[in-house]
$ cat work_32.tsv   # TSV, C-alpha atoms and all ligand atoms
chain	number	residue	atom	x	y	z
F	1	MET	CA	-0.07	-14.58	9.70
F	2	SER	CA	-2.17	-14.27	12.84
F	3	TYR	CA	-2.92	-11.66	15.44
F	4	SER	CA	0.21	-12.65	17.28
F	5	ASP	CA	2.41	-11.78	14.31
F	6	SER	CA	4.11	-8.47	14.72
F	7	MET	CA	7.27	-6.79	13.65
F	8	ASN	CA	10.59	-8.05	15.01
F	9	PRO	CA	11.15	-5.72	17.97
F	10	ASN	CA	14.78	-5.26	16.86
F	11	PHE	CA	13.72	-3.93	13.45
F	12	ASP	CA	14.49	-0.21	13.56
F	13	LEU	CA	12.10	1.69	11.29
F	14	ASN	CA	14.16	4.86	11.78
F	15	ARG	CA	17.03	3.22	9.89
F	16	THR	CA	15.46	0.64	7.60
F	17	PRO	CA	12.20	0.79	5.66
F	18	LEU	CA	10.09	-2.33	5.62
F	19	VAL	CA	8.94	-1.51	2.06
F	20	VAL	CA	10.76	0.28	-0.76
F	21	ILE	CA	8.66	0.90	-3.84
F	22	TRP	CA	10.08	2.32	-7.05
F	23	GLU	CA	7.89	3.78	-9.80
F	24	VAL	CA	10.05	2.78	-12.76
F	25	THR	CA	7.88	4.68	-15.26
F	26	ARG	CA	4.57	6.52	-15.43
F	27	ALA	CA	3.78	5.16	-18.87
F	28	CYS	CA	0.70	2.93	-18.85
F	29	ASP	CA	-1.84	1.82	-21.45
F	30	LEU	CA	-4.74	1.82	-18.98
F	31	ALA	CA	-6.63	4.96	-17.95
F	32	CYS	CA	-7.88	4.34	-14.40
F	33	PHE	CA	-10.18	7.02	-13.01
F	34	HIS	CA	-8.40	6.90	-9.65
F	35	CYS	CA	-4.77	6.76	-10.88
F	36	ARG	CA	-2.58	8.50	-8.31
F	37	ALA	CA	0.19	8.82	-10.91
F	38	SER	CA	-2.07	10.34	-13.59
F	39	ALA	CA	-0.35	7.80	-15.85
F	40	GLN	CA	0.02	8.58	-19.56
F	41	PRO	CA	0.72	6.39	-22.62
F	42	SER	CA	4.27	7.74	-23.18
F	43	ARG	CA	7.39	7.56	-21.05
F	44	ASN	CA	8.81	10.72	-19.52
F	45	PRO	CA	12.29	11.48	-20.99
F	46	LEU	CA	13.40	12.48	-17.46
F	47	GLU	CA	12.88	8.95	-16.08
F	48	LEU	CA	15.94	7.41	-14.43
F	49	SER	CA	18.23	5.92	-17.08
F	50	THR	CA	19.33	2.29	-16.88
F	51	ARG	CA	22.57	3.44	-15.32
F	52	ASP	CA	20.80	5.68	-12.76
F	53	ALA	CA	18.41	2.82	-12.07
F	54	LYS	CA	21.24	0.41	-11.28
F	55	GLN	CA	22.79	2.99	-8.95
F	56	LEU	CA	19.43	3.29	-7.23
F	57	ILE	CA	19.17	-0.50	-6.88
F	58	ASP	CA	22.65	-0.50	-5.31
F	59	ASP	CA	21.41	2.12	-2.81
F	60	ILE	CA	18.28	0.11	-2.06
F	61	ALA	CA	20.36	-3.02	-1.52
F	62	GLU	CA	22.43	-1.05	1.01
F	63	LEU	CA	19.21	-0.32	2.95
F	64	ASP	CA	18.31	-4.02	2.72
F	65	PRO	CA	14.51	-3.70	3.03
F	66	PRO	CA	12.47	-6.91	3.48
F	67	ILE	CA	10.15	-5.85	0.63
F	68	PHE	CA	11.12	-4.19	-2.67
F	69	ILE	CA	8.52	-3.49	-5.36
F	70	PHE	CA	8.82	-2.36	-8.98
F	71	THR	CA	5.69	-0.35	-9.75
F	72	GLY	CA	4.46	2.17	-12.32
F	73	GLY	CA	2.70	3.22	-14.49
F	74	ASP	CA	3.23	-0.15	-16.07
F	75	PRO	CA	6.77	-1.46	-15.43
F	76	LEU	CA	6.49	-3.53	-18.63
F	77	ASN	CA	6.67	-0.26	-20.57
F	78	ARG	CA	10.38	-0.05	-19.76
F	79	PRO	CA	12.42	-2.07	-22.28
F	80	ASP	CA	15.17	-2.64	-19.68
F	81	ILE	CA	12.78	-3.99	-17.04
F	82	TYR	CA	14.02	-7.62	-17.18
F	83	GLU	CA	17.63	-6.42	-16.89
F	84	LEU	CA	16.71	-4.31	-13.84
F	85	VAL	CA	14.78	-7.13	-12.17
F	86	HIS	CA	17.72	-9.44	-12.74
F	87	TYR	CA	20.12	-6.85	-11.33
F	88	ALA	CA	17.95	-6.40	-8.20
F	89	SER	CA	17.69	-10.12	-7.81
F	90	MET	CA	21.49	-10.47	-7.96
F	91	LYS	CA	21.56	-8.00	-5.05
F	92	TYR	CA	19.29	-10.36	-3.03
F	93	LEU	CA	16.38	-7.94	-3.08
F	94	HIS	CA	13.67	-10.57	-3.96
F	95	PRO	CA	11.68	-8.06	-6.03
F	96	ALA	CA	7.93	-7.95	-6.47
F	97	MET	CA	6.15	-6.19	-9.36
F	98	THR	CA	2.78	-4.57	-10.13
F	99	PRO	CA	2.28	-4.74	-13.92
F	100	SER	CA	-0.89	-3.49	-15.61
F	101	ALA	CA	-3.22	-5.98	-17.28
F	102	THR	CA	-2.63	-5.01	-20.92
F	103	PRO	CA	-1.55	-6.95	-24.02
F	104	LEU	CA	2.06	-6.52	-22.78
F	105	LEU	CA	1.25	-8.98	-19.97
F	106	THR	CA	1.51	-12.35	-21.68
F	107	ARG	CA	2.36	-15.84	-20.49
F	108	ASP	CA	5.83	-15.34	-22.03
F	109	SER	CA	6.42	-12.01	-20.27
F	110	LEU	CA	5.40	-13.63	-16.96
F	111	LEU	CA	7.80	-16.49	-17.56
F	112	GLU	CA	10.55	-13.98	-18.38
F	113	LEU	CA	9.81	-11.99	-15.21
F	114	LYS	CA	9.96	-15.16	-13.16
F	115	ARG	CA	13.24	-16.19	-14.80
F	116	SER	CA	14.67	-12.70	-14.14
F	117	GLY	CA	13.90	-12.99	-10.44
F	118	VAL	CA	10.43	-11.60	-9.70
F	119	HIS	CA	9.29	-13.28	-6.48
F	120	ARG	CA	5.72	-12.03	-6.41
F	121	LEU	CA	3.37	-10.40	-8.86
F	122	ALA	CA	0.54	-8.08	-7.80
F	123	LEU	CA	-2.45	-7.71	-10.12
F	124	SER	CA	-5.33	-5.28	-9.72
F	125	LEU	CA	-8.95	-6.38	-9.53
F	126	ASP	CA	-11.49	-3.68	-8.68
F	127	GLY	CA	-14.78	-5.39	-9.38
F	128	PRO	CA	-16.31	-8.88	-9.63
F	129	THR	CA	-17.62	-8.27	-13.15
F	130	PRO	CA	-16.08	-7.00	-16.41
F	131	GLU	CA	-18.48	-4.03	-16.33
F	132	LEU	CA	-17.35	-2.73	-12.94
F	133	HIS	CA	-13.64	-3.59	-13.21
F	134	ASP	CA	-13.26	-2.22	-16.74
F	135	SER	CA	-15.07	0.99	-15.74
F	136	PHE	CA	-12.35	1.52	-13.09
F	137	ARG	CA	-9.54	0.79	-15.53
F	138	GLY	CA	-10.94	2.80	-18.43
F	139	VAL	CA	-10.24	0.02	-20.98
F	140	ALA	CA	-12.57	-2.78	-22.09
F	141	GLY	CA	-11.12	-6.28	-21.71
F	142	SER	CA	-8.98	-5.51	-18.65
F	143	PHE	CA	-11.05	-7.81	-16.39
F	144	ALA	CA	-10.57	-10.79	-18.72
F	145	GLN	CA	-6.85	-10.05	-19.05
F	146	THR	CA	-6.45	-9.87	-15.28
F	147	LEU	CA	-8.13	-13.24	-14.71
F	148	GLU	CA	-6.07	-14.78	-17.50
F	149	ALA	CA	-2.85	-13.44	-15.93
F	150	MET	CA	-3.90	-14.83	-12.53
F	151	ALA	CA	-4.39	-18.25	-14.09
F	152	TRP	CA	-1.00	-18.06	-15.84
F	153	CYS	CA	0.70	-17.10	-12.56
F	154	ASN	CA	-0.86	-20.14	-10.90
F	155	ALA	CA	0.18	-22.36	-13.81
F	156	ILE	CA	3.83	-21.25	-13.85
F	157	GLY	CA	4.17	-21.14	-10.06
F	158	LEU	CA	4.62	-17.39	-9.70
F	159	PRO	CA	3.10	-16.23	-6.37
F	160	VAL	CA	0.34	-13.71	-7.01
F	161	GLN	CA	-1.24	-11.02	-4.85
F	162	ILE	CA	-4.44	-9.15	-5.71
F	163	ASN	CA	-4.73	-5.40	-5.16
F	164	THR	CA	-8.13	-3.73	-5.04
F	165	THR	CA	-8.75	0.01	-4.93
F	166	VAL	CA	-11.68	0.68	-2.59
F	167	SER	CA	-13.84	3.63	-3.56
F	168	LYS	CA	-17.53	4.50	-3.28
F	169	ARG	CA	-17.97	2.79	-6.64
F	170	ASN	CA	-17.15	-0.73	-5.39
F	171	LEU	CA	-17.68	-0.62	-1.61
F	172	GLY	CA	-20.72	-2.86	-1.85
F	173	GLU	CA	-18.84	-5.46	-3.89
F	174	LEU	CA	-16.00	-6.51	-1.58
F	175	GLU	CA	-17.50	-9.93	-0.78
F	176	ASN	CA	-18.16	-10.54	-4.49
F	177	ILE	CA	-14.58	-9.57	-5.40
F	178	LEU	CA	-13.34	-12.00	-2.77
F	179	ALA	CA	-15.47	-14.74	-4.35
F	180	VAL	CA	-13.66	-14.16	-7.67
F	181	VAL	CA	-10.25	-14.00	-6.00
F	182	ARG	CA	-10.88	-17.30	-4.20
F	183	GLN	CA	-11.09	-19.14	-7.51
F	184	PHE	CA	-7.30	-18.73	-7.73
F	185	ARG	CA	-4.33	-19.48	-5.49
F	186	ILE	CA	-3.23	-16.13	-4.12
F	187	VAL	CA	-0.86	-15.15	-1.33
F	188	MET	CA	-2.49	-11.87	-0.30
F	189	TRP	CA	-5.45	-9.60	-0.95
F	190	SER	CA	-4.44	-5.97	-0.46
F	191	LEU	CA	-7.09	-3.26	-0.35
F	192	PHE	CA	-6.03	0.28	-1.22
F	193	PHE	CA	-8.45	2.78	0.26
F	194	MET	CA	-8.75	5.63	-2.18
F	195	VAL	CA	-6.81	8.85	-1.67
F	196	PRO	CA	-8.03	11.78	-3.79
F	197	THR	CA	-4.71	12.55	-5.45
F	198	GLY	CA	-3.65	12.42	-9.11
F	199	ARG	CA	-6.82	11.54	-11.05
F	200	GLY	CA	-8.65	10.40	-7.90
F	201	ALA	CA	-11.66	12.61	-7.10
F	202	GLN	CA	-12.84	13.42	-3.59
F	203	GLU	CA	-16.46	12.42	-4.33
F	204	ASP	CA	-15.30	8.82	-4.88
F	205	MET	CA	-13.60	8.62	-1.48
F	206	PRO	CA	-15.59	6.59	1.09
F	207	SER	CA	-16.86	8.40	4.21
F	208	SER	CA	-15.55	7.67	7.72
F	209	GLU	CA	-18.61	5.48	8.40
F	210	GLU	CA	-18.06	3.59	5.15
F	211	PHE	CA	-14.43	2.93	6.12
F	212	GLU	CA	-15.61	1.49	9.44
F	213	ASP	CA	-18.24	-0.69	7.77
F	214	ALA	CA	-15.63	-1.98	5.29
F	215	PHE	CA	-13.26	-2.78	8.20
F	216	GLU	CA	-15.92	-4.86	9.89
F	217	ARG	CA	-16.59	-6.83	6.72
F	218	LEU	CA	-12.87	-7.30	6.00
F	219	LEU	CA	-12.22	-8.64	9.47
F	220	ARG	CA	-15.11	-11.10	9.06
F	221	MET	CA	-13.75	-12.22	5.67
F	222	SER	CA	-10.21	-12.52	7.06
F	223	ARG	CA	-11.27	-15.22	9.49
F	224	ASN	CA	-12.24	-17.55	6.65
F	225	VAL	CA	-9.46	-17.29	4.08
F	226	PRO	CA	-6.07	-19.02	3.82
F	227	PHE	CA	-4.28	-15.82	2.74
F	228	LYS	CA	-3.72	-12.48	4.40
F	229	ILE	CA	-6.07	-9.54	3.83
F	230	LYS	CA	-4.31	-6.22	4.38
F	231	THR	CA	-5.10	-2.57	3.82
F	232	THR	CA	-3.12	0.33	2.36
F	233	GLU	CA	-3.86	3.97	3.22
F	234	ALA	CA	-6.16	2.75	5.97
F	235	PRO	CA	-3.88	2.37	9.00
F	236	HIS	CA	-6.90	2.71	11.26
F	237	TYR	CA	-7.80	-0.87	10.27
F	238	ARG	CA	-5.11	-1.77	12.81
F	239	ARG	CA	-7.06	0.15	15.45
F	240	PHE	CA	-10.20	-1.71	14.40
F	241	VAL	CA	-8.48	-5.11	14.53
F	242	LEU	CA	-7.13	-4.40	18.02
F	243	GLN	CA	-10.52	-3.17	19.25
F	244	HIS	CA	-12.12	-6.42	18.05
F	245	ARG	CA	-9.39	-8.82	19.09
F	246	PRO	CA	-10.91	-12.01	20.58
F	247	LYS	CA	-10.04	-12.53	24.22
F	248	SER	CA	-8.99	-16.19	23.97
F	249	LYS	CA	-5.74	-17.17	22.29
F	250	SER	CA	-7.36	-20.09	20.46
F	251	GLU	CA	-9.92	-17.72	18.91
F	252	ARG	CA	-7.16	-15.28	17.98
F	253	ASN	CA	-5.20	-18.02	16.22
F	254	LYS	CA	-8.16	-18.76	13.95
F	255	GLY	CA	-7.65	-15.53	12.06
F	256	ASN	CA	-5.38	-16.73	9.23
F	257	GLY	CA	-6.13	-13.72	7.07
F	258	VAL	CA	-5.97	-11.12	9.82
F	259	PRO	CA	-2.95	-8.87	9.34
F	260	GLY	CA	-0.20	-8.47	11.91
F	261	ILE	CA	-0.02	-5.15	13.73
F	262	MET	CA	2.95	-3.35	12.21
F	263	PRO	CA	3.24	0.40	12.86
F	264	VAL	CA	4.20	1.20	9.27
F	265	ASN	CA	3.03	4.47	7.77
F	266	GLU	CA	4.14	7.04	5.21
F	267	GLY	CA	7.86	7.69	5.80
F	268	LYS	CA	7.83	5.28	8.75
F	269	GLY	CA	8.86	1.95	7.29
F	270	PHE	CA	7.75	2.99	3.82
F	271	VAL	CA	9.58	4.90	1.10
F	272	PHE	CA	8.61	5.59	-2.51
F	273	ILE	CA	10.90	6.68	-5.34
F	274	SER	CA	9.18	8.39	-8.28
F	275	HIS	CA	9.96	7.81	-11.98
F	276	THR	CA	12.20	10.89	-11.93
F	277	GLY	CA	14.00	9.92	-8.72
F	278	GLU	CA	12.07	12.04	-6.19
F	279	VAL	CA	11.91	10.37	-2.78
F	280	GLN	CA	8.46	10.51	-1.19
F	281	PRO	CA	6.94	9.07	1.99
F	282	SER	CA	4.37	7.31	-0.23
F	283	GLY	CA	3.18	7.28	-3.82
F	284	PHE	CA	-0.06	8.83	-2.56
F	285	LEU	CA	1.77	11.66	-0.75
F	286	PRO	CA	3.43	13.69	-3.51
F	287	ILE	CA	5.94	15.68	-1.45
F	288	SER	CA	9.63	15.16	-2.22
F	289	ALA	CA	12.32	14.93	0.48
F	290	GLY	CA	15.13	14.91	-2.10
F	291	ASN	CA	16.23	13.23	-5.32
F	292	VAL	CA	18.29	10.05	-5.59
F	293	ARG	CA	20.37	11.74	-8.31
F	294	ASP	CA	21.67	14.19	-5.66
F	295	ARG	CA	21.56	12.35	-2.36
F	296	LYS	CA	21.77	8.76	-1.11
F	297	LEU	CA	18.40	7.11	-0.53
F	298	ALA	CA	19.44	5.94	2.96
F	299	ASP	CA	20.37	9.48	3.94
F	300	ILE	CA	17.04	10.87	2.73
F	301	TYR	CA	15.09	8.12	4.49
F	302	ARG	CA	16.99	8.39	7.77
F	303	ASN	CA	17.75	12.09	8.02
F	304	SER	CA	15.53	14.29	5.84
F	305	GLU	CA	13.34	16.72	7.73
F	306	LEU	CA	10.16	15.44	6.07
F	307	PHE	CA	10.73	11.77	6.95
F	308	CYS	CA	11.91	12.54	10.52
F	309	GLN	CA	8.87	14.75	11.07
F	310	LEU	CA	6.43	12.10	9.82
F	311	ARG	CA	8.02	9.38	11.97
F	312	ASP	CA	7.52	11.31	15.20
F	313	GLY	CA	3.90	10.82	16.33
F	314	LYS	CA	4.19	13.88	18.58
F	315	ASN	CA	4.01	16.05	15.43
F	316	LEU	CA	0.55	14.81	14.45
F	317	LYS	CA	-2.31	17.26	14.75
F	318	GLY	CA	-6.02	17.11	15.53
F	319	LYS	CA	-7.39	13.94	17.03
F	320	CYS	CA	-4.60	11.77	15.53
F	321	GLY	CA	-2.16	13.75	17.71
F	322	ILE	CA	-3.92	12.83	20.95
F	323	CYS	CA	-5.16	9.39	20.00
F	324	GLU	CA	-4.15	6.39	22.11
F	325	PHE	CA	-3.72	4.44	18.84
F	326	ARG	CA	-1.36	7.07	17.43
F	327	ASP	CA	1.78	4.96	17.45
F	328	ILE	CA	0.28	1.90	15.76
F	329	CYS	CA	-2.00	3.88	13.43
F	330	GLY	CA	-1.27	7.58	12.99
F	331	GLY	CA	-3.89	7.96	10.27
F	332	SER	CA	-3.27	8.22	6.54
F	333	ARG	CA	-0.82	11.09	6.07
F	334	ALA	CA	-1.55	11.03	2.33
F	335	ARG	CA	-5.29	11.49	2.82
F	336	ALA	CA	-4.71	14.23	5.38
F	337	TYR	CA	-2.51	16.04	2.85
F	338	ALA	CA	-4.92	15.49	-0.06
F	339	ILE	CA	-7.82	16.97	1.88
F	340	SER	CA	-6.18	19.69	3.97
F	341	GLY	CA	-2.80	20.36	2.37
F	342	ASP	CA	-1.12	19.45	5.69
F	343	SER	CA	0.53	16.02	5.89
F	344	LEU	CA	0.41	16.18	9.72
F	345	ALA	CA	-3.33	16.93	9.98
F	346	GLN	CA	-5.79	14.34	11.26
F	347	ASP	CA	-7.02	11.60	8.95
F	348	PRO	CA	-10.38	12.89	7.65
F	349	CYS	CA	-11.84	9.36	7.31
F	350	CYS	CA	-11.75	7.94	10.83
F	351	VAL	CA	-14.79	7.70	13.12
F	352	TYR	CA	-12.77	7.07	16.26
F	353	GLN	CA	-12.93	9.63	19.05
F	354	PRO	CA	-9.77	9.41	21.17
F	355	ARG	CA	-10.27	8.91	24.86
F	356	ALA	CA	-9.05	12.42	25.63
F	357	THR	CA	-11.71	14.07	23.44
F	358	ARG	CA	-14.44	11.82	24.82
F	359	ALA	CA	-13.37	12.64	28.35
F	360	ALA	CA	-13.27	16.35	27.60
F	361	SER	CA	-16.75	16.29	26.07
F	362	THR	CA	-18.25	14.45	29.07
F	363	ASN	CA	-16.26	16.62	31.45
F	364	SER	CA	-14.81	13.54	33.16
F	365	GLU	CA	-11.23	12.50	33.72
F	366	ALA	CA	-9.09	12.19	30.58
F	367	GLY	CA	-7.38	9.02	31.89
F	368	GLY	CA	-3.63	8.68	31.94
F	369	GLY	CA	-0.81	6.25	32.26
F	370	ASN	CA	0.28	4.10	29.34
F	371	PRO	CA	-1.89	5.14	26.39
F	372	THR	CA	-1.73	1.67	24.87
F	373	ALA	CA	-2.66	-0.15	28.08
F	374	SER	CA	-6.33	-0.45	27.17
F	375	ILE	CA	-5.83	-1.35	23.49
C	401	LIG	S1	-2.93	0.58	-14.13
C	401	LIG	FE1	-1.97	1.75	-12.46
C	401	LIG	S2	-0.58	3.18	-13.46
C	401	LIG	FE2	-1.98	2.42	-15.05
C	401	LIG	S3	-3.61	3.99	-15.15
C	401	LIG	FE3	-4.25	2.35	-13.73
C	401	LIG	S4	-3.63	3.02	-11.66
C	401	LIG	FE4	-2.50	4.28	-13.19
C	402	LIG	S1	-7.89	9.21	15.31
C	402	LIG	FE1	-6.11	9.07	13.92
C	402	LIG	S2	-4.60	7.87	15.08
C	402	LIG	FE2	-6.59	7.53	16.05
C	402	LIG	S3	-7.42	5.69	15.13
C	402	LIG	FE3	-8.22	7.44	13.97
C	402	LIG	S4	-6.81	7.73	12.28
C	402	LIG	FE4	-5.78	6.45	13.81

$ encode --input "work_32.tsv" --output "structure tokens" --more "lines below"
Ligand code: SF4
Ligand code: SF4
Amino acid sequence: MSYSDSMNPNFDLNRTPLVVIWEVTRACDLACFHCRASAQPSRNPLELSTRDAKQLIDDIAELDPPIFIFTGGDPLNRPDIYELVHYASMKYLHPAMTPSATPLLTRDSLLELKRSGVHRLALSLDGPTPELHDSFRGVAGSFAQTLEAMAWCNAIGLPVQINTTVSKRNLGELENILAVVRQFRIVMWSLFFMVPTGRGAQEDMPSSEEFEDAFERLLRMSRNVPFKIKTTEAPHYRRFVLQHRPKSKSERNKGNGVPGIMPVNEGKGFVFISHTGEVQPSGFLPISAGNVRDRKLADIYRNSELFCQLRDGKNLKGKCGICEFRDICGGSRARAYAISGDSLAQDPCCVYQPRATRAASTNSEAGGGNPTASI
């Protein structure tokens, strides 16, 4: 994908999410320090049953999102996971999955997932060495298991994506993580910028300046890789990419790994269903707009007050509310909520000063017209 890639203008985010992600369980045998789900070894008895789960998959199929992901916890902790993947696949949902690197993830389980219909697997890698990665995951041997699973995916022809949680603990290691990732055939490197929710602590969250420095390095790396590098919970990377867009088309087309500019944000193109059926704008934003046991997913996504409020940029507060990048960025709603308790507050980790605030502080004209004209 290049700079010129963008969302189909006919795709209506008010009606259809681009991404539906379902947390099938919170059970997980790892103990990550940053786990948003505060995952535990045992399954919650209130998880959706197999029957509820199939009803949910029917509802998701009705929404017809381009991307559907089984996540957790560790999805492999559900004994009916292959049946559910197969069911989703029969509904043409092309599911992806994010299993944890534990002894449950074997070559045979990967083959079974592929046979059941998993189209893409996402594995987590948080450091370039066993010491750093395993310290994130809380279990020795996780680094080796992750690399082994990556190799198996390559061997059996299952497309694999790497997810990395970015925190103060590994900010300096992004280039070294990329060097490890490049030893394998991957389709995407996705960087999740830490949100202090669940077990995630605020002191591990990078500062605004550290976000900006990471953006600069990611954009540089993106120009030299054959796969896409994208961010999660850092929508202001889109602002950064636009601010640094090369002027010439030929230069722009060189950026194979540079993400397209899609105005997706919590509740706006993205919907998360928890292990107990609560519908949230994101896994990192733990506010429920309803439960799939009581109300259709499509109805909650399209009509609930929470989702409608988040989709309307005019509701944003602080500098995000007056920012000329508001409609393509909007700031992380999850991070705003985690820090201030208000999901509409400004993103606390962005250095950008909107034109209106700069103009006010220099007592010059605020500028007007189309706010995106100078982007
Ligand atoms: S692997 Fe995922 S679900 Fe498991 S503890 Fe880590 S972050 Fe939580
Ligand atoms: S101020 Fe808010 S909307 Fe503007 S770029 Fe920063 S995070 Fe995005």

$ residues_near_ligand --input "work_32.tsv" --ligand "ligand LIG 402 (chain C)" --cutoff "8 Å" --atoms "only C-alpha atoms and all ligand atoms" --output "PyMOL selection string"
chain F and resi 235-236+239-240+319-332+346-354

$ residues_around --input "work_32.tsv" --residues "Arg199 in chain F" --least-positions-apart "6" --cutoff "9 Å" --atoms "only C-alpha atoms" --output "PyMOL selection string"
chain F and resi 32-39

$ residues_near_point --input "work_32.tsv" --point "(9.9, 2.6, -12.2)" --cutoff "10 Å" --atoms "all atoms listed in the file" --output "list in words"
Ile21, Trp22, Glu23, Val24, Thr25, Arg26, Ala27, Glu47, Leu48, Ala53, Ile69, Phe70, Thr71, Gly72, Gly73, Asp74, Pro75, Leu76, Asn77, Arg78, Ile81, Leu84, Met97, Ile273, Ser274, His275, Thr276 and Gly277 of chain F

$ atom_distance --input "work_32.tsv" --atom1 "CA of Pro226 in chain F" --atom2 "CA of Ser109 in chain F"
28.0 Å

$ axis_aligned_box --input "work_32.tsv" --around "ligand LIG 401 (chain C)" --padding-each-side "4 Å" --output "JSON"
{"center_x": -2.4, "center_y": 2.4, "center_z": -13.4, "size_x": 11.7, "size_y": 11.7, "size_z": 11.5}

$ atom_distance --input "work_32.tsv" --atom1 "CA of Ala298 in chain F" --atom2 "CA of Ser89 in chain F"
19.4 Å

$ residues_near_point --input "work_32.tsv" --point "(2.5, -7.2, -6.1)" --cutoff "7 Å" --atoms "only C-alpha atoms" --output "list in words"
Ala96, Met97, Thr98, Arg120, Leu121, Ala122, Leu123, Val160 and Gln161 of chain F

$ closest_residue --input "work_32.tsv" --among "F:Asn44, F:Ser222, F:Asn303, F:Thr102" --to "Gly290 in chain F" --atoms "all atoms listed in the file"
F:Asn303

$ residues_around --input "work_32.tsv" --residues "range 130-141 of chain F" --least-positions-apart "4" --cutoff "12 Å" --atoms "all atoms listed in the file" --output "PyMOL selection string"
chain F and resi 28-35+39+100-103+124-126+145-148+164-173+176-177+180+199-200+204

$ atom_distance --input "work_32.tsv" --atom1 "CA of Pro259 in chain F" --atom2 "CA of Arg182 in chain F"
17.8 Å

$ residues_around --input "work_32.tsv" --residues "Ala155 in chain F" --least-positions-apart "4" --cutoff "10 Å" --atoms "all atoms listed in the file" --output "ChimeraX atom specification"
/F:107,149-151,185

$ closest_residue --input "work_32.tsv" --among "F:Val19, F:Val195, F:Ile287, F:Ala214" --to "ligand LIG 401 (chain C)" --atoms "all atoms listed in the file"
F:Val195

$ closest_residue --input "work_32.tsv" --among "F:Leu104, F:Arg293, F:Phe184, F:Asn154" --to "Ser49 in chain F" --atoms "all atoms listed in the file"
F:Arg293

$ closest_residue --input "work_32.tsv" --among "F:Thr106, F:Ser142, F:Val20, F:Ala338" --to "ligand LIG 401 (chain C)" --atoms "all atoms listed in the file"
F:Ser142

$ closest_residue --input "work_32.tsv" --among "F:Leu158, F:Phe192, F:Ser116, F:Asp59" --to "ligand LIG 401 (chain C)" --atoms "all atoms listed in the file"
F:Phe192

$ closest_residue --input "work_32.tsv" --among "F:Met205, F:Ala336, F:Lys249, F:Lys230" --to "Glu266 in chain F" --atoms "only C-alpha atoms"
F:Ala336

$ residues_around --input "work_32.tsv" --residues "Ile300 in chain F" --least-positions-apart "6" --cutoff "9 Å" --atoms "all atoms listed in the file" --output "mmCIF file with C-alpha atoms, in the frame of the given file"
data_model
loop_
_atom_site.group_PDB
_atom_site.id
_atom_site.type_symbol
_atom_site.label_atom_id
_atom_site.label_comp_id
_atom_site.auth_asym_id
_atom_site.auth_seq_id
_atom_site.Cartn_x
_atom_site.Cartn_y
_atom_site.Cartn_z
ATOM 1 C CA VAL F 279 11.910 10.370 -2.780
ATOM 2 C CA ALA F 289 12.320 14.930 0.480
ATOM 3 C CA GLY F 290 15.130 14.910 -2.100
ATOM 4 C CA ASN F 291 16.230 13.230 -5.320
ATOM 5 C CA VAL F 292 18.290 10.050 -5.590
ATOM 6 C CA LEU F 306 10.160 15.440 6.070
ATOM 7 C CA PHE F 307 10.730 11.770 6.950
#

$ decode --input "work_32.tsv" --residues "range 300-327 of chain F" --atoms "C-alpha atoms" --output "PDB file, in the first residue's frame"
ATOM      1  CA  ILE F 300     -25.349  -0.930  18.586  1.00  0.00           C
ATOM      2  CA  TYR F 301     -22.669   0.048  16.077  1.00  0.00           C
ATOM      3  CA  ARG F 302     -24.931   2.266  13.983  1.00  0.00           C
ATOM      4  CA  ASN F 303     -27.267   3.781  16.553  1.00  0.00           C
ATOM      5  CA  SER F 304     -25.946   3.641  20.123  1.00  0.00           C
ATOM      6  CA  GLU F 305     -25.335   7.009  21.727  1.00  0.00           C
ATOM      7  CA  LEU F 306     -21.717   6.165  22.562  1.00  0.00           C
ATOM      8  CA  PHE F 307     -20.743   5.154  19.017  1.00  0.00           C
ATOM      9  CA  CYS F 308     -22.641   8.069  17.387  1.00  0.00           C
ATOM     10  CA  GLN F 309     -20.983  10.507  19.788  1.00  0.00           C
ATOM     11  CA  LEU F 310     -17.484   9.177  19.091  1.00  0.00           C
ATOM     12  CA  ARG F 311     -18.004   9.274  15.310  1.00  0.00           C
ATOM     13  CA  ASP F 312     -18.858  12.971  15.298  1.00  0.00           C
ATOM     14  CA  GLY F 313     -15.598  14.961  15.425  1.00  0.00           C
ATOM     15  CA  LYS F 314     -17.514  18.037  16.580  1.00  0.00           C
ATOM     16  CA  ASN F 315     -17.857  16.383  20.013  1.00  0.00           C
ATOM     17  CA  LEU F 316     -14.109  16.218  20.612  1.00  0.00           C
ATOM     18  CA  LYS F 317     -12.687  18.495  23.274  1.00  0.00           C
ATOM     19  CA  GLY F 318      -9.433  20.355  23.882  1.00  0.00           C
ATOM     20  CA  LYS F 319      -7.039  20.736  21.003  1.00  0.00           C
ATOM     21  CA  CYS F 320      -8.356  17.601  19.216  1.00  0.00           C
ATOM     22  CA  GLY F 321     -11.695  19.433  18.888  1.00  0.00           C
ATOM     23  CA  ILE F 322     -10.187  22.365  16.989  1.00  0.00           C
ATOM     24  CA  CYS F 323      -7.448  20.537  15.145  1.00  0.00           C
ATOM     25  CA  GLU F 324      -7.330  20.694  11.348  1.00  0.00           C
ATOM     26  CA  PHE F 325      -6.394  16.977  11.389  1.00  0.00           C
ATOM     27  CA  ARG F 326      -9.442  16.101  13.494  1.00  0.00           C
ATOM     28  CA  ASP F 327     -11.305  14.134  10.842  1.00  0.00           C
TER      29      ASP F 327
END
